[in-house]
Amino acid sequence: MAGGAVSFGHFRNVRKTFPRPGEEPLVSIEDISFDLKDGQLISLLGPSGCGKTTFLKIVAGLVKGYEGTVQIAGEHVREPHPDFGIVFQQANLMPWRTVLSNVLFPMEILGRTGAEAVEQARELLSQVGLEGFEKAYPPQLSGGMQQRAALCRALVHKPKLLLMDEPFGALDELTRMEMHDLLLGIRERTGATTLFVTHSISEAVYLSDVVAVFSKRPALLADFIEVDLPYPRRQEMRYSSDFVELEHRASRALGISR
């Protein structure tokens, strides 16, 4: 499932500071450089407050005023792009709209509201186990179901790039593991190129082709770990010696173990 040799995302010497009145500027990201290949899933792993969400938002076009180069599909990112899909930690579904209507919202913005769009939305909802809930409203759903709907909303317009900011962080452990397998299944079917922010070592190793380990703020790239584990991934893989060794390497890069 790992992406091919084609470079899809190109990030070089990315640096970001935030002004602070009466104080020295806060350096959030010192220097981050790597490439994202077409079809890859790269996790941005690091402690809370290390700059990984800021980096993701730079790639999304939501944070400006950075230094360095950020390119997606050969184009410099300067603003939010309609070909990107974004999933945040909170589902952020509109409570007054049905599940189906929430999923179709990006298509409405793009002016693609015909029968094909509805069919695409229904197909995605079926894939994530929400068939039969199209007319339900978000408050009627569990947290895991809301995140499934949010994932469908991010994918309905077939984005070039899927950006995920700790999307499963608020879920219980069992639901989180179910969502891991769900995401891997969607990747297998769609080939989506993905950047995934997490502070969970196990989550990063299980989901990723590569784990980009961020240091404490100001962020530097502490390690860039190729995850050479076979697909399809299975939950029992978490207990293999290869998996544990990858977790250990990430822990060392984070300064947790030696």
# chains A, B, ... in the order shown; residues from 1 in each chain; ligands from 1
call {"tool": "closest_atom_pairs", "arguments": {"of": "segment 14-93 of chain A", "to": "segment 207-231 of chain A", "cutoff": "12 Å", "atoms": "only C-alpha atoms", "output": "CSV"}}
result
residue,atom,partner,partner_atom,distance
A:Val14,CA,A:Leu220,CA,9.6
A:Arg15,CA,A:Ala219,CA,8.7
A:Lys16,CA,A:Pro218,CA,9.0
A:Thr17,CA,A:Pro218,CA,9.2
A:Phe18,CA,A:Pro218,CA,11.4
A:Pro25,CA,A:Pro218,CA,11.5
A:Leu26,CA,A:Pro218,CA,8.4
A:Val27,CA,A:Pro218,CA,5.6
A:Ser28,CA,A:Pro218,CA,4.8
A:Ile29,CA,A:Ala219,CA,4.4
A:Glu30,CA,A:Pro218,CA,5.2
A:Asp31,CA,A:Leu220,CA,5.4
A:Ile32,CA,A:Leu220,CA,5.7
A:Ser33,CA,A:Leu221,CA,7.4
A:Phe34,CA,A:Phe224,CA,8.5
A:Asp35,CA,A:Ala212,CA,10.4
A:Leu36,CA,A:Val210,CA,9.2
A:Lys37,CA,A:Asp209,CA,10.0
A:Asp38,CA,A:Asp209,CA,11.5
A:Gly39,CA,A:Asp209,CA,9.6
A:Gln40,CA,A:Asp209,CA,6.2
A:Leu41,CA,A:Ser208,CA,5.3
A:Ile42,CA,A:Val210,CA,4.9
A:Ser43,CA,A:Val211,CA,4.9
A:Leu44,CA,A:Ala212,CA,5.0
A:Leu45,CA,A:Val213,CA,4.8
A:Gly46,CA,A:Phe214,CA,4.9
A:Pro47,CA,A:Lys216,CA,6.5
A:Ser48,CA,A:Lys216,CA,8.4
A:Gly49,CA,A:Arg217,CA,6.8
A:Cys50,CA,A:Arg217,CA,4.4
A:Gly51,CA,A:Ala219,CA,5.9
A:Lys52,CA,A:Phe214,CA,7.0
A:Thr53,CA,A:Phe214,CA,10.8
A:Thr54,CA,A:Ala219,CA,10.1
A:Phe55,CA,A:Ala219,CA,9.4
call {"tool": "residues_around", "arguments": {"residues": "Ile72 of chain A", "least_positions_apart": "2", "cutoff": "6 Å", "atoms": "only C-alpha atoms", "output": "list in words"}}
result
Phe8, Gly9, Gly74 and Glu75 of chain A
call {"tool": "select_by_dssp", "arguments": {"residues": "segment 52-257 of chain A", "states": "strand (DSSP E)", "output": "JSON, numbers by chain"}}
result
{"A": [67, 68, 69, 70, 71, 72, 75, 76, 84, 85, 86, 87, 161, 162, 163, 164, 165, 193, 194, 195, 196, 197, 198, 210, 211, 212, 213, 214, 219, 220, 221, 222, 223, 224, 225, 226]}
call {"tool": "residues_around", "arguments": {"residues": "Val63 of chain A", "least_positions_apart": "2", "cutoff": "10 Å", "atoms": "only C-alpha atoms", "output": "number ranges by chain"}}
result
A: 16, 54-61, 65-66, 78-80
call {"tool": "residues_around", "arguments": {"residues": "Met164 of chain A", "least_positions_apart": "2", "cutoff": "8 Å", "atoms": "only C-alpha atoms", "output": "list in words"}}
result
Ile86, Val87, Phe88, Leu162, Glu166, Pro167, Thr194, Leu195, Phe196 and Val197 of chain A
call {"tool": "residues_around", "arguments": {"residues": "Leu100 of chain A", "least_positions_apart": "4", "cutoff": "9 Å", "atoms": "only C-alpha atoms", "output": "PyMOL selection string"}}
result
chain A and resi 104-105+118+121-122+125+133-136+149+153
call {"tool": "residues_around", "arguments": {"residues": "Val244 of chain A", "least_positions_apart": "4", "cutoff": "12 Å", "atoms": "only C-alpha atoms", "output": "ChimeraX atom specification"}}
result
/A:201-202,205-206,227,229,236-240,248-251
call {"tool": "closest_residue", "arguments": {"among": "A:Gln147, A:Ser142, A:Val156, A:Leu254", "to": "Glu116 of chain A", "atoms": "only C-alpha atoms"}}
result
A:Val156
call {"tool": "atom_distance", "arguments": {"atom1": "atom CA of Val70 of chain A", "atom2": "atom CA of Arg20 of chain A"}}
result
24.5 Å
call {"tool": "residues_around", "arguments": {"residues": "Ile186 of chain A", "least_positions_apart": "5", "cutoff": "10 Å", "atoms": "only C-alpha atoms", "output": "VMD selection string"}}
result
chain A and resid 124 127 to 128 151 to 152 155 181 191 to 192
call {"tool": "closest_residue", "arguments": {"among": "A:Asp83, A:Gly132, A:Thr175, A:Asn102", "to": "Lys160 of chain A", "atoms": "only C-alpha atoms"}}
result
A:Asp83
call {"tool": "select_by_dssp", "arguments": {"residues": "segment 18-238 of chain A", "states": "helix (DSSP H, G or I)", "output": "MDAnalysis selection string"}}
result
chainID A and resid 52:60 99:109 115:127 138:140 143:155 173:190 201:207 235:238
call {"tool": "atom_distance", "arguments": {"atom1": "atom CA of Pro232 of chain A", "atom2": "atom CA of Gln90 of chain A"}}
result
27.6 Å
call {"tool": "decode", "arguments": {"residues": "segment 103-222 of chain A", "atoms": "C-alpha atoms", "output": "mmCIF file, in the first residue's frame"}}
result
data_model
loop_
_atom_site.group_PDB
_atom_site.id
_atom_site.type_symbol
_atom_site.label_atom_id
_atom_site.label_comp_id
_atom_site.auth_asym_id
_atom_site.auth_seq_id
_atom_site.Cartn_x
_atom_site.Cartn_y
_atom_site.Cartn_z
ATOM 1 C CA VAL A 103 -21.480 14.680 4.073
ATOM 2 C CA LEU A 104 -22.732 16.490 0.970
ATOM 3 C CA PHE A 105 -21.711 19.934 2.253
ATOM 4 C CA PRO A 106 -18.353 20.049 0.366
ATOM 5 C CA MET A 107 -20.161 19.101 -2.829
ATOM 6 C CA GLU A 108 -22.586 21.989 -2.328
ATOM 7 C CA ILE A 109 -19.648 24.396 -2.018
ATOM 8 C CA LEU A 110 -18.244 23.006 -5.279
ATOM 9 C CA GLY A 111 -21.637 23.259 -6.990
ATOM 10 C CA ARG A 112 -21.837 19.489 -7.530
ATOM 11 C CA THR A 113 -25.235 18.617 -6.085
ATOM 12 C CA GLY A 114 -26.631 16.132 -8.591
ATOM 13 C CA ALA A 115 -27.545 12.476 -8.258
ATOM 14 C CA GLU A 116 -23.913 11.389 -8.685
ATOM 15 C CA ALA A 117 -22.885 13.356 -5.594
ATOM 16 C CA VAL A 118 -25.668 11.809 -3.522
ATOM 17 C CA GLU A 119 -24.702 8.339 -4.736
ATOM 18 C CA GLN A 120 -21.051 8.976 -3.797
ATOM 19 C CA ALA A 121 -22.065 10.154 -0.315
ATOM 20 C CA ARG A 122 -24.336 7.148 0.234
ATOM 21 C CA GLU A 123 -21.620 4.766 -0.922
ATOM 22 C CA LEU A 124 -19.114 6.254 1.535
ATOM 23 C CA LEU A 125 -21.617 6.070 4.392
ATOM 24 C CA SER A 126 -22.192 2.419 3.553
ATOM 25 C CA GLN A 127 -18.438 1.749 3.548
ATOM 26 C CA VAL A 128 -18.039 3.164 7.065
ATOM 27 C CA GLY A 129 -21.050 1.318 8.488
ATOM 28 C CA LEU A 130 -23.509 4.228 8.530
ATOM 29 C CA GLU A 131 -25.987 2.867 6.010
ATOM 30 C CA GLY A 132 -29.452 3.506 7.431
ATOM 31 C CA PHE A 133 -28.333 6.609 9.327
ATOM 32 C CA GLU A 134 -28.505 9.023 6.393
ATOM 33 C CA LYS A 135 -31.525 10.856 7.867
ATOM 34 C CA ALA A 136 -30.201 10.909 11.446
ATOM 35 C CA TYR A 137 -28.879 14.080 13.054
ATOM 36 C CA PRO A 138 -25.417 14.326 14.673
ATOM 37 C CA PRO A 139 -26.690 14.505 18.296
ATOM 38 C CA GLN A 140 -28.306 11.102 17.707
ATOM 39 C CA LEU A 141 -24.918 9.509 16.909
ATOM 40 C CA SER A 142 -22.104 8.254 19.126
ATOM 41 C CA GLY A 143 -18.716 9.964 18.966
ATOM 42 C CA GLY A 144 -17.316 7.211 16.773
ATOM 43 C CA MET A 145 -20.246 7.428 14.378
ATOM 44 C CA GLN A 146 -19.833 11.199 14.147
ATOM 45 C CA GLN A 147 -16.167 10.778 13.220
ATOM 46 C CA ARG A 148 -17.137 8.236 10.553
ATOM 47 C CA ALA A 149 -19.508 10.807 9.079
ATOM 48 C CA ALA A 150 -16.792 13.488 9.274
ATOM 49 C CA LEU A 151 -14.422 11.178 7.410
ATOM 50 C CA CYS A 152 -17.032 10.680 4.686
ATOM 51 C CA ARG A 153 -17.472 14.458 4.439
ATOM 52 C CA ALA A 154 -13.721 14.868 3.943
ATOM 53 C CA LEU A 155 -13.617 12.183 1.239
ATOM 54 C CA VAL A 156 -16.842 12.803 -0.683
ATOM 55 C CA HIS A 157 -15.235 15.127 -3.258
ATOM 56 C CA LYS A 158 -12.339 12.687 -3.809
ATOM 57 C CA PRO A 159 -9.616 15.045 -2.535
ATOM 58 C CA LYS A 160 -6.032 14.913 -3.742
ATOM 59 C CA LEU A 161 -4.818 15.138 -0.151
ATOM 60 C CA LEU A 162 -6.415 14.042 3.119
ATOM 61 C CA LEU A 163 -5.260 15.973 6.210
ATOM 62 C CA MET A 164 -6.142 14.483 9.599
ATOM 63 C CA ASP A 165 -5.465 16.259 12.909
ATOM 64 C CA GLU A 166 -5.708 13.701 15.744
ATOM 65 C CA PRO A 167 -9.093 12.591 14.377
ATOM 66 C CA PHE A 168 -9.458 9.661 16.790
ATOM 67 C CA GLY A 169 -7.978 11.313 19.887
ATOM 68 C CA ALA A 170 -11.320 11.841 21.630
ATOM 69 C CA LEU A 171 -12.537 8.270 21.110
ATOM 70 C CA ASP A 172 -12.312 5.338 23.510
ATOM 71 C CA GLU A 173 -9.572 2.800 22.799
ATOM 72 C CA LEU A 174 -11.775 0.112 21.223
ATOM 73 C CA THR A 175 -13.542 2.592 18.925
ATOM 74 C CA ARG A 176 -10.179 4.097 18.053
ATOM 75 C CA MET A 177 -8.821 0.709 16.951
ATOM 76 C CA GLU A 178 -11.929 0.145 14.843
ATOM 77 C CA MET A 179 -11.365 3.524 13.196
ATOM 78 C CA HIS A 180 -7.763 2.569 12.432
ATOM 79 C CA ASP A 181 -8.912 -0.432 10.420
ATOM 80 C CA LEU A 182 -11.654 1.629 8.805
ATOM 81 C CA LEU A 183 -9.136 4.242 7.655
ATOM 82 C CA LEU A 184 -6.790 1.577 6.291
ATOM 83 C CA GLY A 185 -9.700 0.035 4.375
ATOM 84 C CA ILE A 186 -10.633 3.402 2.862
ATOM 85 C CA ARG A 187 -7.003 3.977 1.885
ATOM 86 C CA GLU A 188 -6.920 0.613 0.152
ATOM 87 C CA ARG A 189 -10.025 1.476 -1.864
ATOM 88 C CA THR A 190 -9.216 5.132 -2.653
ATOM 89 C CA GLY A 191 -5.405 5.366 -2.623
ATOM 90 C CA ALA A 192 -5.749 8.637 -0.689
ATOM 91 C CA THR A 193 -2.509 10.498 0.052
ATOM 92 C CA THR A 194 -2.636 11.381 3.732
ATOM 93 C CA LEU A 195 -0.901 13.425 6.436
ATOM 94 C CA PHE A 196 -2.015 12.247 9.877
ATOM 95 C CA VAL A 197 -1.213 14.082 13.134
ATOM 96 C CA THR A 198 -0.978 12.022 16.312
ATOM 97 C CA HIS A 199 0.821 11.834 19.646
ATOM 98 C CA SER A 200 0.210 8.066 19.887
ATOM 99 C CA ILE A 201 3.262 5.985 18.955
ATOM 100 C CA SER A 202 1.226 2.813 18.430
ATOM 101 C CA GLU A 203 -1.312 4.617 16.226
ATOM 102 C CA ALA A 204 1.433 6.145 14.100
ATOM 103 C CA VAL A 205 3.192 2.828 13.509
ATOM 104 C CA TYR A 206 -0.012 0.888 12.804
ATOM 105 C CA LEU A 207 -1.402 3.323 10.236
ATOM 106 C CA SER A 208 1.635 4.664 8.453
ATOM 107 C CA ASP A 209 4.002 4.051 5.599
ATOM 108 C CA VAL A 210 6.337 6.573 7.271
ATOM 109 C CA VAL A 211 6.411 8.138 10.734
ATOM 110 C CA ALA A 212 7.874 11.660 10.780
ATOM 111 C CA VAL A 213 8.901 12.260 14.393
ATOM 112 C CA PHE A 214 8.815 15.909 15.508
ATOM 113 C CA SER A 215 11.001 17.078 18.379
ATOM 114 C CA LYS A 216 9.752 19.296 21.192
ATOM 115 C CA ARG A 217 9.079 22.906 20.180
ATOM 116 C CA PRO A 218 10.643 24.436 18.195
ATOM 117 C CA ALA A 219 10.073 21.468 15.920
ATOM 118 C CA LEU A 220 12.835 19.698 14.082
ATOM 119 C CA LEU A 221 12.576 16.356 12.319
ATOM 120 C CA ALA A 222 13.968 13.963 14.936
#
